[in-house]
Amino acid sequence: MQKRIIGKDLTVSAVGLGCMGMSHAYGNQCTPDEAKKLIETAIENGCTFFDTAEVYGEPDCPHHNEEMLGEILKPYRSKIVLATKFGVKFDVSAPTVNKPVIPDSRPEQIRKSVEGSLRRLQTDHIDLYYQHRQDPDVPVEEVAGVMADLIREGKITHWGLSEVNEEIIRRANAVCPVTAIQNRYHMMYRGYEALFPVLEKLQIGFVAFSPLANGLLSGAYSQNSTFSEQGDYRKAMPQFQADSYEKNRALFSLIQKYADEKNATPAQISLAWLICKKNYIVPIPGTRKLGRLTENLGAADVALTAQEIAEIDKALDKMEMSDVFGGAKIVKK
């Protein structure tokens, strides 16, 4: 597995593993044995970058993901990069399948969060600590100041921001240098490409979450796919509604064309499009299936030329697509 440097000095595998789906948003949680096999297989295949958050769980076990990863990754801790997040909680009282999030980045809450994550992850430091969502009541400069303190204390070594715009990035970076942003990015959701110039100027990496549009771009689903497990967000996602597949036919055909040419899968082409676009982009696809895991990690070996990337982008610019999930609603309470 090739490596990438995000920020000024954080070395990670070119494809990471987003671990949320093992505990949250995709139906039943993984068992510890299932998660252990997935993570050990990822490490065997060269993955060194693992992403979680303090809120990845369900109401009866809200920190399930961190607790599980802490136990599984303990023997590998010195060989991997561990990222987690602070700054939101779910509004579990909401009737929707995908629960809204409530931001809370007060300094005292950040302190509580980091100590909780360190304990659950069974580590003395977090390699990359993200603010999960912006808190409109706490200036990002104040959050960045807390991050600078945590770095001085050795509790974190790098920090980042998720789902942010250029103004927030610049303001945060002026107080404490930002290593990475983690934003939604895939062939159906490209608005954040406008951030590339500022990321390059400030030497900030781009960690792409949901790089397969919550799995749609893997080619594994059709209009007959159903999502019956409790808590599976895909039930409500527009790209998984029965009428979306016809709207996305041209997109699927484009991806399949390159998959055939490169002897690759649709998922690998979708991920390679990100990897080959910029050397500071790292996708973090998630899965609960071993076959999908090795397939996703294999995307690092698929090469798309700059001309091919430009051709794909040009086609995407003109292409009709269905609506696509844009994230949980943010509410204030």
# chains A, B, ... in the order shown; residues from 1 in each chain; ligands from 1
>>> closest_atom_pairs(of="stretch 144-172 of chain A", to="stretch 106-130 of chain A", cutoff="7 Å", atoms="only C-alpha atoms", output="tab-separated table")
residue	atom	partner	partner_atom	distance
A:Val146	CA	A:Pro107	CA	6.6
A:Gly154	CA	A:His125	CA	6.5
A:Lys155	CA	A:His125	CA	4.5
A:Ile156	CA	A:Ile126	CA	4.6
A:Thr157	CA	A:Asp127	CA	5.1
A:His158	CA	A:Leu128	CA	4.7
A:Trp159	CA	A:Tyr129	CA	4.5
A:Gly160	CA	A:Tyr130	CA	4.4
A:Leu161	CA	A:Tyr130	CA	5.0
A:Ser162	CA	A:Tyr130	CA	6.6
>>> write_last_selection(atoms="C-alpha atoms", output="tab-separated table (two decimals), in the first residue's frame")
chain	number	residue	atom	x	y	z
A	146	VAL	CA	-7.86	24.30	22.89
A	154	GLY	CA	0.78	15.53	24.22
A	155	LYS	CA	-2.83	14.35	24.24
A	156	ILE	CA	-3.17	14.86	20.49
A	157	THR	CA	-0.51	15.30	17.81
A	158	HIS	CA	-2.57	16.76	14.94
A	159	TRP	CA	-6.02	18.22	14.51
A	160	GLY	CA	-8.59	18.78	11.82
A	161	LEU	CA	-12.06	20.00	10.92
A	162	SER	CA	-15.02	18.26	9.30
>>> closest_atom_pairs(of="stretch 8-118 of chain A", to="stretch 283-301 of chain A", cutoff="6 Å", atoms="only C-alpha atoms", output="tab-separated table")
residue	atom	partner	partner_atom	distance
A:Val15	CA	A:Pro283	CA	5.5
A:Gly16	CA	A:Ile284	CA	4.4
A:Leu17	CA	A:Ile284	CA	4.8
A:Gly18	CA	A:Gly286	CA	4.5
A:Cys19	CA	A:Gly286	CA	5.8
>>> residues_around(residues="A:Gln223", least_positions_apart="5", cutoff="9 Å", atoms="only C-alpha atoms", output="ChimeraX atom specification")
/A:240-246
>>> atom_distance(atom1="atom CA of A:Leu202", atom2="atom CA of A:Ala328")
28.6 Å
>>> closest_atom_pairs(of="stretch 221-326 of chain A", to="stretch 21-35 of chain A", cutoff="6 Å", atoms="only C-alpha atoms", output="Markdown table")
| residue | atom | partner | partner_atom | distance |
| --- | --- | --- | --- | --- |
| A:Glu229 | CA | A:Gly27 | CA | 4.9 |
| A:Gln230 | CA | A:Gly27 | CA | 5.5 |
| A:Gly231 | CA | A:Gly27 | CA | 5.1 |
| A:Asp232 | CA | A:Tyr26 | CA | 4.2 |
| A:Tyr233 | CA | A:Ala25 | CA | 5.3 |
>>> atom_distance(atom1="atom CA of A:Pro75", atom2="atom CA of A:Lys3")
21.2 Å
>>> residues_around(residues="A:Pro177", least_positions_apart="5", cutoff="12 Å", atoms="only C-alpha atoms", output="PDB file with N, CA and C atoms, in the first residue's frame")
ATOM      1  N   GLY A   7      -1.302  17.139   5.624  1.00  0.00           N
ATOM      2  CA  GLY A   7      -0.725  18.210   6.414  1.00  0.00           C
ATOM      3  C   GLY A   7       0.754  18.300   6.098  1.00  0.00           C
ATOM      4  N   LYS A   8       1.533  18.664   7.080  1.00  0.00           N
ATOM      5  CA  LYS A   8       2.966  18.817   6.872  1.00  0.00           C
ATOM      6  C   LYS A   8       3.751  17.543   7.146  1.00  0.00           C
ATOM      7  N   ASP A   9       3.186  16.635   8.004  1.00  0.00           N
ATOM      8  CA  ASP A   9       4.042  15.515   8.395  1.00  0.00           C
ATOM      9  C   ASP A   9       3.311  14.265   8.878  1.00  0.00           C
ATOM     10  N   GLU A 141     -11.759  29.938  16.454  1.00  0.00           N
ATOM     11  CA  GLU A 141     -10.482  30.334  17.045  1.00  0.00           C
ATOM     12  C   GLU A 141     -10.350  29.796  18.471  1.00  0.00           C
ATOM     13  N   ALA A 144      -9.582  26.138  18.179  1.00  0.00           N
ATOM     14  CA  ALA A 144      -8.186  25.968  17.771  1.00  0.00           C
ATOM     15  C   ALA A 144      -7.234  26.211  18.936  1.00  0.00           C
ATOM     16  N   GLY A 145      -7.579  27.137  19.798  1.00  0.00           N
ATOM     17  CA  GLY A 145      -6.750  27.380  20.979  1.00  0.00           C
ATOM     18  C   GLY A 145      -6.701  26.177  21.901  1.00  0.00           C
ATOM     19  N   MET A 147      -7.096  23.112  20.882  1.00  0.00           N
ATOM     20  CA  MET A 147      -6.287  22.122  20.167  1.00  0.00           C
ATOM     21  C   MET A 147      -4.791  22.381  20.377  1.00  0.00           C
ATOM     22  N   ALA A 148      -4.397  23.638  20.341  1.00  0.00           N
ATOM     23  CA  ALA A 148      -2.988  23.969  20.576  1.00  0.00           C
ATOM     24  C   ALA A 148      -2.553  23.534  21.976  1.00  0.00           C
ATOM     25  N   ILE A 151      -2.169  19.728  22.015  1.00  0.00           N
ATOM     26  CA  ILE A 151      -0.925  19.324  21.354  1.00  0.00           C
ATOM     27  C   ILE A 151       0.257  19.538  22.292  1.00  0.00           C
ATOM     28  N   THR A 157      -1.690  14.835  18.550  1.00  0.00           N
ATOM     29  CA  THR A 157      -0.513  15.298  17.811  1.00  0.00           C
ATOM     30  C   THR A 157      -0.883  16.155  16.598  1.00  0.00           C
ATOM     31  N   HIS A 158      -2.100  15.980  16.080  1.00  0.00           N
ATOM     32  CA  HIS A 158      -2.567  16.762  14.940  1.00  0.00           C
ATOM     33  C   HIS A 158      -4.069  16.995  15.110  1.00  0.00           C
ATOM     34  N   TRP A 159      -4.575  18.005  14.422  1.00  0.00           N
ATOM     35  CA  TRP A 159      -6.020  18.219  14.511  1.00  0.00           C
ATOM     36  C   TRP A 159      -6.595  18.599  13.156  1.00  0.00           C
ATOM     37  N   GLY A 160      -7.928  18.484  13.065  1.00  0.00           N
ATOM     38  CA  GLY A 160      -8.587  18.784  11.817  1.00  0.00           C
ATOM     39  C   GLY A 160     -10.019  19.239  12.032  1.00  0.00           C
ATOM     40  N   LEU A 161     -10.699  19.480  10.923  1.00  0.00           N
ATOM     41  CA  LEU A 161     -12.063  19.996  10.920  1.00  0.00           C
ATOM     42  C   LEU A 161     -12.884  19.186   9.925  1.00  0.00           C
ATOM     43  N   ILE A 169     -11.588  27.275   7.700  1.00  0.00           N
ATOM     44  CA  ILE A 169     -10.248  26.698   7.611  1.00  0.00           C
ATOM     45  C   ILE A 169      -9.186  27.758   7.869  1.00  0.00           C
ATOM     46  N   ARG A 170      -9.319  28.891   7.216  1.00  0.00           N
ATOM     47  CA  ARG A 170      -8.308  29.952   7.374  1.00  0.00           C
ATOM     48  C   ARG A 170      -8.277  30.481   8.815  1.00  0.00           C
ATOM     49  N   ARG A 171      -9.441  30.683   9.389  1.00  0.00           N
ATOM     50  CA  ARG A 171      -9.494  31.209  10.755  1.00  0.00           C
ATOM     51  C   ARG A 171      -8.892  30.221  11.751  1.00  0.00           C
ATOM     52  N   ALA A 172      -9.202  28.956  11.580  1.00  0.00           N
ATOM     53  CA  ALA A 172      -8.671  27.933  12.486  1.00  0.00           C
ATOM     54  C   ALA A 172      -7.168  27.782  12.322  1.00  0.00           C
ATOM     55  N   LEU A 199      -6.222  24.590   0.416  1.00  0.00           N
ATOM     56  CA  LEU A 199      -5.585  23.438   1.055  1.00  0.00           C
ATOM     57  C   LEU A 199      -4.138  23.314   0.594  1.00  0.00           C
ATOM     58  N   LEU A 202      -2.008  26.132   2.215  1.00  0.00           N
ATOM     59  CA  LEU A 202      -1.780  25.973   3.656  1.00  0.00           C
ATOM     60  C   LEU A 202      -1.227  24.601   4.025  1.00  0.00           C
ATOM     61  N   GLN A 203      -1.022  23.729   3.039  1.00  0.00           N
ATOM     62  CA  GLN A 203      -0.533  22.358   3.267  1.00  0.00           C
ATOM     63  C   GLN A 203      -1.458  21.592   4.224  1.00  0.00           C
ATOM     64  N   ILE A 204      -2.681  21.479   3.809  1.00  0.00           N
ATOM     65  CA  ILE A 204      -3.696  20.764   4.582  1.00  0.00           C
ATOM     66  C   ILE A 204      -4.213  19.604   3.733  1.00  0.00           C
ATOM     67  N   GLY A 205      -4.324  18.426   4.339  1.00  0.00           N
ATOM     68  CA  GLY A 205      -4.824  17.261   3.630  1.00  0.00           C
ATOM     69  C   GLY A 205      -6.334  17.232   3.566  1.00  0.00           C
TER      70      GLY A 205
END
>>> closest_atom_pairs(of="stretch 81-124 of chain A", to="stretch 46-57 of chain A", cutoff="6 Å", atoms="only C-alpha atoms", output="CSV")
residue,atom,partner,partner_atom,distance
A:Val81,CA,A:Phe49,CA,4.9
A:Leu82,CA,A:Phe50,CA,5.2
A:Ala83,CA,A:Asp51,CA,4.8
A:Thr84,CA,A:Ala53,CA,4.5
A:Lys85,CA,A:Ala53,CA,4.5
>>> write_last_selection(atoms="N, CA and C atoms", output="mmCIF file, in the first residue's frame")
data_model
loop_
_atom_site.group_PDB
_atom_site.id
_atom_site.type_symbol
_atom_site.label_atom_id
_atom_site.label_comp_id
_atom_site.auth_asym_id
_atom_site.auth_seq_id
_atom_site.Cartn_x
_atom_site.Cartn_y
_atom_site.Cartn_z
ATOM 1 N N VAL A 81 -2.249 5.008 12.466
ATOM 2 C CA VAL A 81 -2.687 6.381 12.731
ATOM 3 C C VAL A 81 -4.159 6.329 13.108
ATOM 4 N N LEU A 82 -4.468 6.870 14.260
ATOM 5 C CA LEU A 82 -5.815 6.786 14.805
ATOM 6 C C LEU A 82 -6.448 8.178 14.834
ATOM 7 N N ALA A 83 -7.593 8.294 14.170
ATOM 8 C CA ALA A 83 -8.324 9.569 14.134
ATOM 9 C C ALA A 83 -9.671 9.398 14.820
ATOM 10 N N THR A 84 -10.046 10.380 15.627
ATOM 11 C CA THR A 84 -11.380 10.394 16.203
ATOM 12 C C THR A 84 -11.879 11.834 16.243
ATOM 13 N N LYS A 85 -13.103 12.015 16.730
ATOM 14 C CA LYS A 85 -13.753 13.323 16.610
ATOM 15 C C LYS A 85 -14.504 13.688 17.880
#
>>> select_by_dssp(residues="stretch 9-218 of chain A", states="alpha helix (DSSP H)", output="ChimeraX atom specification")
/A:32-44,64-73,107-120,140-152,166-175,196-202
>>> select_by_dssp(residues="stretch 43-268 of chain A", states="strand (DSSP E or B)", output="number ranges by chain")
A: 49-51, 58, 61, 81-86, 88-90, 101-103, 126, 128-131, 156, 159-162, 180-184, 186, 189, 205-209, 232
>>> write_last_selection(atoms="C-alpha atoms", output="tab-separated table (two decimals), in the first residue's frame")
chain	number	residue	atom	x	y	z
A	49	PHE	CA	-5.28	4.90	8.91
A	50	PHE	CA	-8.38	4.24	11.04
A	51	ASP	CA	-11.19	6.73	11.56
A	58	GLU	CA	-26.42	3.51	19.40
A	61	CYS	CA	-24.03	1.84	23.74
A	81	VAL	CA	-2.69	6.38	12.73
A	82	LEU	CA	-5.82	6.79	14.81
A	83	ALA	CA	-8.32	9.57	14.13
A	84	THR	CA	-11.38	10.39	16.20
A	85	LYS	CA	-13.75	13.32	16.61
A	86	PHE	CA	-15.42	15.56	19.18
A	88	VAL	CA	-21.49	16.68	18.48
A	89	LYS	CA	-24.11	14.46	20.04
A	90	PHE	CA	-27.14	12.87	18.40
A	101	VAL	CA	-26.74	16.24	15.45
A	102	ILE	CA	-26.37	18.86	18.15
A	103	PRO	CA	-23.02	20.71	18.12
A	126	ILE	CA	-4.77	10.72	19.44
A	128	LEU	CA	-5.68	13.23	14.42
A	129	TYR	CA	-8.47	14.89	16.40
A	130	TYR	CA	-11.29	16.45	14.39
A	131	GLN	CA	-13.99	18.88	15.33
A	156	ILE	CA	-3.17	14.86	20.49
A	159	TRP	CA	-6.02	18.22	14.51
A	160	GLY	CA	-8.59	18.78	11.82
A	161	LEU	CA	-12.06	20.00	10.92
A	162	SER	CA	-15.02	18.26	9.30
A	180	ALA	CA	-6.60	17.79	7.56
A	181	ILE	CA	-10.18	18.51	6.74
A	182	GLN	CA	-12.62	15.63	6.52
A	183	ASN	CA	-15.46	16.44	4.16
A	184	ARG	CA	-17.99	14.41	2.20
A	186	HIS	CA	-17.43	11.57	-4.16
A	189	TYR	CA	-20.90	15.47	-4.33
A	205	GLY	CA	-4.82	17.26	3.63
A	206	PHE	CA	-8.30	16.27	2.45
A	207	VAL	CA	-9.77	13.11	3.99
A	208	ALA	CA	-12.78	12.09	1.91
A	209	PHE	CA	-15.57	10.42	3.84
A	232	ASP	CA	-30.02	1.76	8.59
>>> closest_residue(among="A:Asn65, A:Asn98, A:Gln134, A:Thr179", to="A:Arg234", atoms="only C-alpha atoms")
A:Asn98
>>> residues_around(residues="A:Ala306", least_positions_apart="4", cutoff="12 Å", atoms="only C-alpha atoms", output="list of chain:residue names")
A:Ala272, A:Trp273, A:Leu274, A:Ile275, A:Cys276, A:Lys277, A:Lys278, A:Asn279, A:Ala310, A:Glu311, A:Ile312, A:Asp313
>>> write_last_selection(atoms="C-alpha atoms", output="mmCIF file, in the first residue's frame")
data_model
loop_
_atom_site.group_PDB
_atom_site.id
_atom_site.type_symbol
_atom_site.label_atom_id
_atom_site.label_comp_id
_atom_site.auth_asym_id
_atom_site.auth_seq_id
_atom_site.Cartn_x
_atom_site.Cartn_y
_atom_site.Cartn_z
ATOM 1 C CA ALA A 272 -8.956 5.821 -7.645
ATOM 2 C CA TRP A 273 -10.610 8.946 -9.072
ATOM 3 C CA LEU A 274 -10.083 10.540 -5.653
ATOM 4 C CA ILE A 275 -6.617 9.121 -4.985
ATOM 5 C CA CYS A 276 -5.223 10.111 -8.371
ATOM 6 C CA LYS A 277 -6.773 13.580 -8.406
ATOM 7 C CA LYS A 278 -4.574 15.088 -5.684
ATOM 8 C CA ASN A 279 -1.707 13.600 -3.702
ATOM 9 C CA ALA A 310 -10.161 15.398 -16.520
ATOM 10 C CA GLU A 311 -12.336 13.328 -18.873
ATOM 11 C CA ILE A 312 -14.310 11.914 -15.957
ATOM 12 C CA ASP A 313 -14.764 15.362 -14.428
#
>>> atom_distance(atom1="atom CA of A:Ile281", atom2="atom CA of A:Phe196")
9.9 Å
>>> residues_around(residues="A:Met188", least_positions_apart="5", cutoff="10 Å", atoms="only C-alpha atoms", output="MDAnalysis selection string")
chainID A and resid 211:213 217 239 248 251 316:317 319:325
>>> write_last_selection(atoms="C-alpha atoms", output="PDB file, in the first residue's frame")
ATOM      1  CA  PRO A 211     -16.253   8.305  -0.979  1.00  0.00           C
ATOM      2  CA  LEU A 212     -18.618   5.725  -2.498  1.00  0.00           C
ATOM      3  CA  ALA A 213     -21.797   7.746  -1.869  1.00  0.00           C
ATOM      4  CA  LEU A 217     -20.879   3.742  -6.365  1.00  0.00           C
ATOM      5  CA  GLN A 239     -29.722   7.778  -3.899  1.00  0.00           C
ATOM      6  CA  ASN A 248     -27.922   7.494 -12.276  1.00  0.00           C
ATOM      7  CA  LEU A 251     -22.999   7.639 -14.002  1.00  0.00           C
ATOM      8  CA  LEU A 316     -19.669  14.442 -14.468  1.00  0.00           C
ATOM      9  CA  ASP A 317     -20.146  18.170 -15.029  1.00  0.00           C
ATOM     10  CA  MET A 319     -24.403  14.438 -16.192  1.00  0.00           C
ATOM     11  CA  GLU A 320     -27.874  14.075 -14.741  1.00  0.00           C
ATOM     12  CA  MET A 321     -27.875  12.377 -11.345  1.00  0.00           C
ATOM     13  CA  SER A 322     -30.302  11.698  -8.536  1.00  0.00           C
ATOM     14  CA  ASP A 323     -30.216  13.631  -5.318  1.00  0.00           C
ATOM     15  CA  VAL A 324     -27.715  12.242  -2.826  1.00  0.00           C
ATOM     16  CA  PHE A 325     -27.506  12.181   0.946  1.00  0.00           C
TER      17      PHE A 325
END
